[in-house]
Structure formats: C-alpha cells, structure tokens
Amino acid sequence: MPYRVELLRQDCAVTSFFIVTRISTTPLPQPGKISGTGIDRLLADATLVKRLRTTRTGLLTHDACRTIDGIPTRRAVARAFGSSTEHGLVRLFTPEHGLAAAAPAGAAVGDGVDPQTGVPVVSLYGRRLQPDTDMLADLDTVLIDLRDVGVRCFTYAATAARLIDVAVEANIDIVVCDRPNPLGARSAGPSLDPALRSLVAWLDVPFVHGRTIGELLKLAADDAGLARIKIVSADDVLGSDVAEDWVPPSPALDHPHSLRLYPGLVLLEGTNLCEGRGTPVPFRSVSAPWLDTAALINDIGGWKTPLSASEGTLVPTTGRYAGKALPAVIFNFKDASDVDGLAFGINLLCAIVRRHPQFEWTRMPEGLNPDPGDDEERFVVDALLGCRTLRKALTEGDDAATILKRWQCG
C-alpha cells in the first residue's frame, strides 16, 4: 500500500519545497491521481518544476530508474529542469554498478560525463563512498531516485543515506522520489550487529526490510535527527514482476525470478559455492565442482516450496570457478509470488553444509571492512548478513527451522 506525504503547505522559498507533517499508510486517493513512481509525480508538479529550473540540482540515480514512459530519470529531469553550469541539473551522482547499472558487483566505478545529458558524473562507489562537502557546496537541492530491491546488503540505500548525511551538513534540501519495494512489505531475517556495520550492512533494519527506499531513508534521517528530507510517494501497483517489463536494477538481477531468490542466494557469495553470477541463471542456481546435485534435488523435493529443481552444467565467466564446467542445480518457478527467498536460501545452505565436507566459508580479505574490533576471524557472509548468527548456527549443526525461528524471536 502506498503511503501519503501530507503537506502542511508549499513554501515560496526556493530551498524549502515541502513541509512534511507526517507519513501515513493511508491509501492515495484514486480519482484523478497521478499514476507512477515518485519521479513521475515530481515531474507532474508544474510549480515545483518551475522552481527547480532556477536552482542548482544534483541527482543520485542510474539507468535502471525510468519514468512511467520508460525514459531514464536523468534525461527526464534534464529535459524538465534544463541543464547548464548555472541552474537546473548540474551534477549526477551514481551508486554501485555506475550510471549504466552495468558494472560488475564490487567493481570500482570512476567519474565521468553522462553521454545522454552532458552532465558531469560523480561516482559514489570507488575511491569515495560518499561525496566531499565541497562537491555539494554549489548545490541547492539533491534529488534521489534509486531502485532498491528490499534486502539490506544491496548497497543503493546505504549510498543514498551517506549522501544525505553530507548534504544536510552542507545545508542542502533532499528530495527522495520513492519507488515500490519489489519484495513487498514483509520483513524477515536478523537485525544489524552494529559492530559489523559497513556499506553492505548500513541501515538498522531487518535483512529483508519490507520498506520502500523512501521509508528507509526517512527512517535513517529520523534516527540521525535530520529534518531536511522530503519524500515524494509512489504508486505501489507498479511493482510488477512481468518479465518483459523488467529493467535490471543491477547486472545479476537480470530477471524478476533472480530477485525473488536474491535474499537467500546472495549469502552464497560468502562461501565456496557459485550463486550463478556469470551464468545465464544468476541467483537462480547453485553450483560447485563437488556439488552432489542429485542429493540436493532430492532434498529440495521434500521442502514446502513452490520451486522445483533440475540438474544442469554451468560455466561461469566470473568468480573463482570462471571457465570451469560445474555441476549445477537450477531452480524453476511455479509461482514466483509465493517464494520466500531468504527461507529457501537458508534451507539450501543447511542441506549443502550437512552433505558436503568440501563446503567452506570465505574469509574476508585483509584490509577490508567491516572490522568488528575483536579477535574473531572475519567472514564474508557475516559482512553480507550484518551479523555472525548464521555461520555460527550452521557450524553448530542447527537446522533451517531453528535459525529462521531464532531470527523471528530476535
């Protein structure tokens, strides 16, 4: 259900567009409403657009963010506001995967110039993870339009939150154009261990958080005592999983079915398994040279899941097994809407750990955060999950039901 941003007034001051009194979950009115995401509603506000044309605006976005008509947000904003060194859209900021949303996971992205708008691009995933204050000093407003996927380790919301921290210090207004959470409002998984806070575990929400990106950033701003963030709401009926309408928010989430399993299969990145990156079925498969595919398929057949599984062979183009033919189990969907990706992933890990002595957790490379500040070994899965509970529970032989129930109780 979409939430409503209730306005006390529209202010005449250029740098104070909205005065937000409260956020409610009251449905938006149906008659005559503007259908679309937050960016569509912002661009439909002629008075606001007119004001923004006379100010200097920065925009955090990437190519997977489109208007309801399929136009990339940055092009739509540049067309509506104008773009020059004096006013309108003057600077773009980009998260992980870059402006084209195509760079590999974890790959540093450099600065540049957008070929579509001619606007300078500042990367927030590379040699910097947030802008310096002087990069914002000449701006009046920062717009944010990003597609989050509903899982805490997906870095876009963390990048936006860090940008907001700097923008508020620079006395700049922030306007967040909201988008629906494609996984819906259900939350699941463990809370964040503050000792393991990092870009992939930044916000203090459940691992599957059940919030829109606007709600996430409003929560982060409230926790930090910030008052200069404004949310432009979105129509929740736009969270479609229709494959032909799917625009990947990142390279490996190339299909809505990948997104459904991402909450659980992303944890395989912290192991010596392949989660399907660099294959035609990323986050829709599991493979390894030593994987007993027949036994695993038999295990999956006994679970209460709308997924089925089949054997195959995959040759990843990236990762530790690049170029090697791997025995694989490929997951097939009967009803994607009923899939609990986190629960499926935990059951999958439990089954693999129980049967395969070759299974290993991947240690964090030296010099990389998070550093928990103690003598315990650091593991990639702990960083991804934002806590150590899964690895320790599996090491101690706990089953999936016990692990998932413990997270519910926590």
# chains A, B, ... in the order shown; residues from 1 in each chain; ligands from 1
$ residues_around --residues "Phe283 (chain A)" --least-positions-apart "2" --cutoff "9 Å" --atoms "only C-alpha atoms" --output "JSON, numbers by chain"
{"A": [252, 253, 257, 258, 259, 260, 261, 262, 264, 265, 266, 275, 276, 277, 281, 285, 286, 331]}
$ select_by_dssp --residues "region 49-112 of chain A" --states "strand (DSSP E or B)" --output "list in words"
Arg56, Thr57, Gly58, Leu59, Leu60, Arg66, Pro72, Ser83, Gly88, Leu89, Val90, Arg91, Leu92, Phe93, Thr94 and Gly112 of chain A
$ write_last_selection --atoms "C-alpha atoms" --output "mmCIF file, in the first residue's frame"
data_model
loop_
_atom_site.group_PDB
_atom_site.id
_atom_site.type_symbol
_atom_site.label_atom_id
_atom_site.label_comp_id
_atom_site.auth_asym_id
_atom_site.auth_seq_id
_atom_site.Cartn_x
_atom_site.Cartn_y
_atom_site.Cartn_z
ATOM 1 C CA ARG A 56 21.212 24.071 -8.995
ATOM 2 C CA THR A 57 20.268 20.420 -8.580
ATOM 3 C CA GLY A 58 22.267 17.236 -8.114
ATOM 4 C CA LEU A 59 20.680 13.849 -8.873
ATOM 5 C CA LEU A 60 21.623 10.427 -7.469
ATOM 6 C CA ARG A 66 12.891 5.240 -15.547
ATOM 7 C CA PRO A 72 15.693 7.359 -17.888
ATOM 8 C CA SER A 83 20.954 21.621 -17.561
ATOM 9 C CA GLY A 88 18.854 23.054 -13.480
ATOM 10 C CA LEU A 89 20.515 19.625 -13.395
ATOM 11 C CA VAL A 90 24.213 20.361 -12.879
ATOM 12 C CA ARG A 91 25.619 17.138 -11.395
ATOM 13 C CA LEU A 92 24.885 13.416 -11.369
ATOM 14 C CA PHE A 93 25.857 11.002 -8.601
ATOM 15 C CA THR A 94 25.916 7.243 -9.140
ATOM 16 C CA GLY A 112 32.885 10.923 -15.973
#
$ select_by_dssp --residues "region 109-259 of chain A" --states "helix (DSSP H, G or I)" --output "PyMOL selection string"
chain A and resi 133-135+156-169+194-196+213-223+236-238+243-245+256-259
$ residues_around --residues "Gly397 (chain A)" --least-positions-apart "2" --cutoff "9 Å" --atoms "only C-alpha atoms" --output "number ranges by chain"
A: 350, 353-354, 392-395, 399
$ write_last_selection --atoms "C-alpha atoms" --output "tab-separated table (two decimals), in the first residue's frame"
chain	number	residue	atom	x	y	z
A	350	CYS	CA	21.75	-26.22	5.63
A	353	VAL	CA	26.61	-27.98	4.65
A	354	ARG	CA	25.17	-31.25	6.01
A	392	LYS	CA	27.81	-19.93	13.90
A	393	ALA	CA	24.44	-21.71	13.83
A	394	LEU	CA	25.39	-23.82	10.81
A	395	THR	CA	28.78	-24.60	12.32
A	399	ASP	CA	18.67	-26.72	11.14
$ closest_residue --among "A:Pro190, A:Gly36, A:Gly270, A:Pro104" --to "Asp382 (chain A)" --atoms "only C-alpha atoms"
A:Gly270
$ closest_atom_pairs --of "region 269-364 of chain A" --to "region 207-214 of chain A" --cutoff "12 Å" --atoms "only C-alpha atoms" --output "tab-separated table"
residue	atom	partner	partner_atom	distance
A:Asp340	CA	A:Val208	CA	10.4
A:Gly341	CA	A:Val208	CA	9.6
A:Leu342	CA	A:Val208	CA	7.9
A:Ala343	CA	A:Val208	CA	10.8
$ closest_residue --among "A:Val151, A:Ala157, A:Val109, A:Cys177" --to "Leu43 (chain A)" --atoms "only C-alpha atoms"
A:Cys177
$ residues_around --residues "Val380 (chain A)" --least-positions-apart "3" --cutoff "9 Å" --atoms "only C-alpha atoms" --output "list in words"
Leu267, Glu269, Gly270, Thr271, Trp361, Thr362, Arg363, Met364, Pro365, Ala383, Leu384 and Leu385 of chain A
$ closest_residue --among "A:Ala170, A:Thr389, A:Asp45, A:Gly189" --to "Asp138 (chain A)" --atoms "only C-alpha atoms"
A:Ala170
$ residues_around --residues "Ala220 (chain A)" --least-positions-apart "4" --cutoff "10 Å" --atoms "only C-alpha atoms" --output "MDAnalysis selection string"
chainID A and resid 157:158 161:162 164:165 202:205 214:216 224:226
$ residues_around --residues "Leu52 (chain A)" --least-positions-apart "5" --cutoff "10 Å" --atoms "only C-alpha atoms" --output "VMD selection string"
chain A and resid 14 to 15 17 46 to 47 57 77 80 to 82 87 to 89 140 to 141
$ residues_around --residues "Ala101 (chain A)" --least-positions-apart "4" --cutoff "10 Å" --atoms "only C-alpha atoms" --output "MDAnalysis selection string"
chainID A and resid 61:65 94:97 105 248:251
$ write_last_selection --atoms "N, CA and C atoms" --output "PDB file, in the first residue's frame"
ATOM      1  N   THR A  61      21.199   8.736  -9.170  1.00  0.00           N
ATOM      2  CA  THR A  61      20.354   7.831  -9.939  1.00  0.00           C
ATOM      3  C   THR A  61      21.219   6.896 -10.764  1.00  0.00           C
ATOM      4  N   HIS A  62      20.578   6.079 -11.584  1.00  0.00           N
ATOM      5  CA  HIS A  62      21.270   5.245 -12.570  1.00  0.00           C
ATOM      6  C   HIS A  62      20.272   4.866 -13.653  1.00  0.00           C
ATOM      7  N   ASP A  63      20.738   4.164 -14.657  1.00  0.00           N
ATOM      8  CA  ASP A  63      19.946   3.972 -15.868  1.00  0.00           C
ATOM      9  C   ASP A  63      18.730   3.079 -15.658  1.00  0.00           C
ATOM     10  N   ALA A  64      18.709   2.269 -14.588  1.00  0.00           N
ATOM     11  CA  ALA A  64      17.548   1.410 -14.343  1.00  0.00           C
ATOM     12  C   ALA A  64      16.367   2.185 -13.784  1.00  0.00           C
ATOM     13  N   CYS A  65      16.570   3.454 -13.429  1.00  0.00           N
ATOM     14  CA  CYS A  65      15.482   4.304 -12.947  1.00  0.00           C
ATOM     15  C   CYS A  65      14.851   5.001 -14.141  1.00  0.00           C
ATOM     16  N   THR A  94      26.290   8.618  -8.815  1.00  0.00           N
ATOM     17  CA  THR A  94      25.916   7.243  -9.140  1.00  0.00           C
ATOM     18  C   THR A  94      26.349   6.291  -8.033  1.00  0.00           C
ATOM     19  N   PRO A  95      25.579   5.212  -7.801  1.00  0.00           N
ATOM     20  CA  PRO A  95      25.917   4.210  -6.793  1.00  0.00           C
ATOM     21  C   PRO A  95      26.738   3.073  -7.404  1.00  0.00           C
ATOM     22  N   GLU A  96      26.821   1.968  -6.685  1.00  0.00           N
ATOM     23  CA  GLU A  96      27.458   0.754  -7.218  1.00  0.00           C
ATOM     24  C   GLU A  96      26.848   0.421  -8.581  1.00  0.00           C
ATOM     25  N   HIS A  97      27.646  -0.147  -9.458  1.00  0.00           N
ATOM     26  CA  HIS A  97      27.282  -0.527 -10.823  1.00  0.00           C
ATOM     27  C   HIS A  97      27.258   0.645 -11.792  1.00  0.00           C
ATOM     28  N   ALA A 105      29.535  -6.410  -9.813  1.00  0.00           N
ATOM     29  CA  ALA A 105      29.383  -6.225  -8.372  1.00  0.00           C
ATOM     30  C   ALA A 105      30.746  -6.010  -7.733  1.00  0.00           C
ATOM     31  N   PRO A 248      16.660  -4.504 -15.232  1.00  0.00           N
ATOM     32  CA  PRO A 248      17.517  -4.973 -14.136  1.00  0.00           C
ATOM     33  C   PRO A 248      18.049  -3.814 -13.301  1.00  0.00           C
ATOM     34  N   PRO A 249      17.861  -3.845 -11.974  1.00  0.00           N
ATOM     35  CA  PRO A 249      18.440  -2.811 -11.119  1.00  0.00           C
ATOM     36  C   PRO A 249      19.944  -2.964 -10.943  1.00  0.00           C
ATOM     37  N   SER A 250      20.469  -4.138 -11.251  1.00  0.00           N
ATOM     38  CA  SER A 250      21.906  -4.408 -11.255  1.00  0.00           C
ATOM     39  C   SER A 250      22.142  -5.560 -12.224  1.00  0.00           C
ATOM     40  N   PRO A 251      23.375  -5.762 -12.680  1.00  0.00           N
ATOM     41  CA  PRO A 251      23.597  -6.717 -13.772  1.00  0.00           C
ATOM     42  C   PRO A 251      23.118  -8.141 -13.491  1.00  0.00           C
TER      43      PRO A 251
END
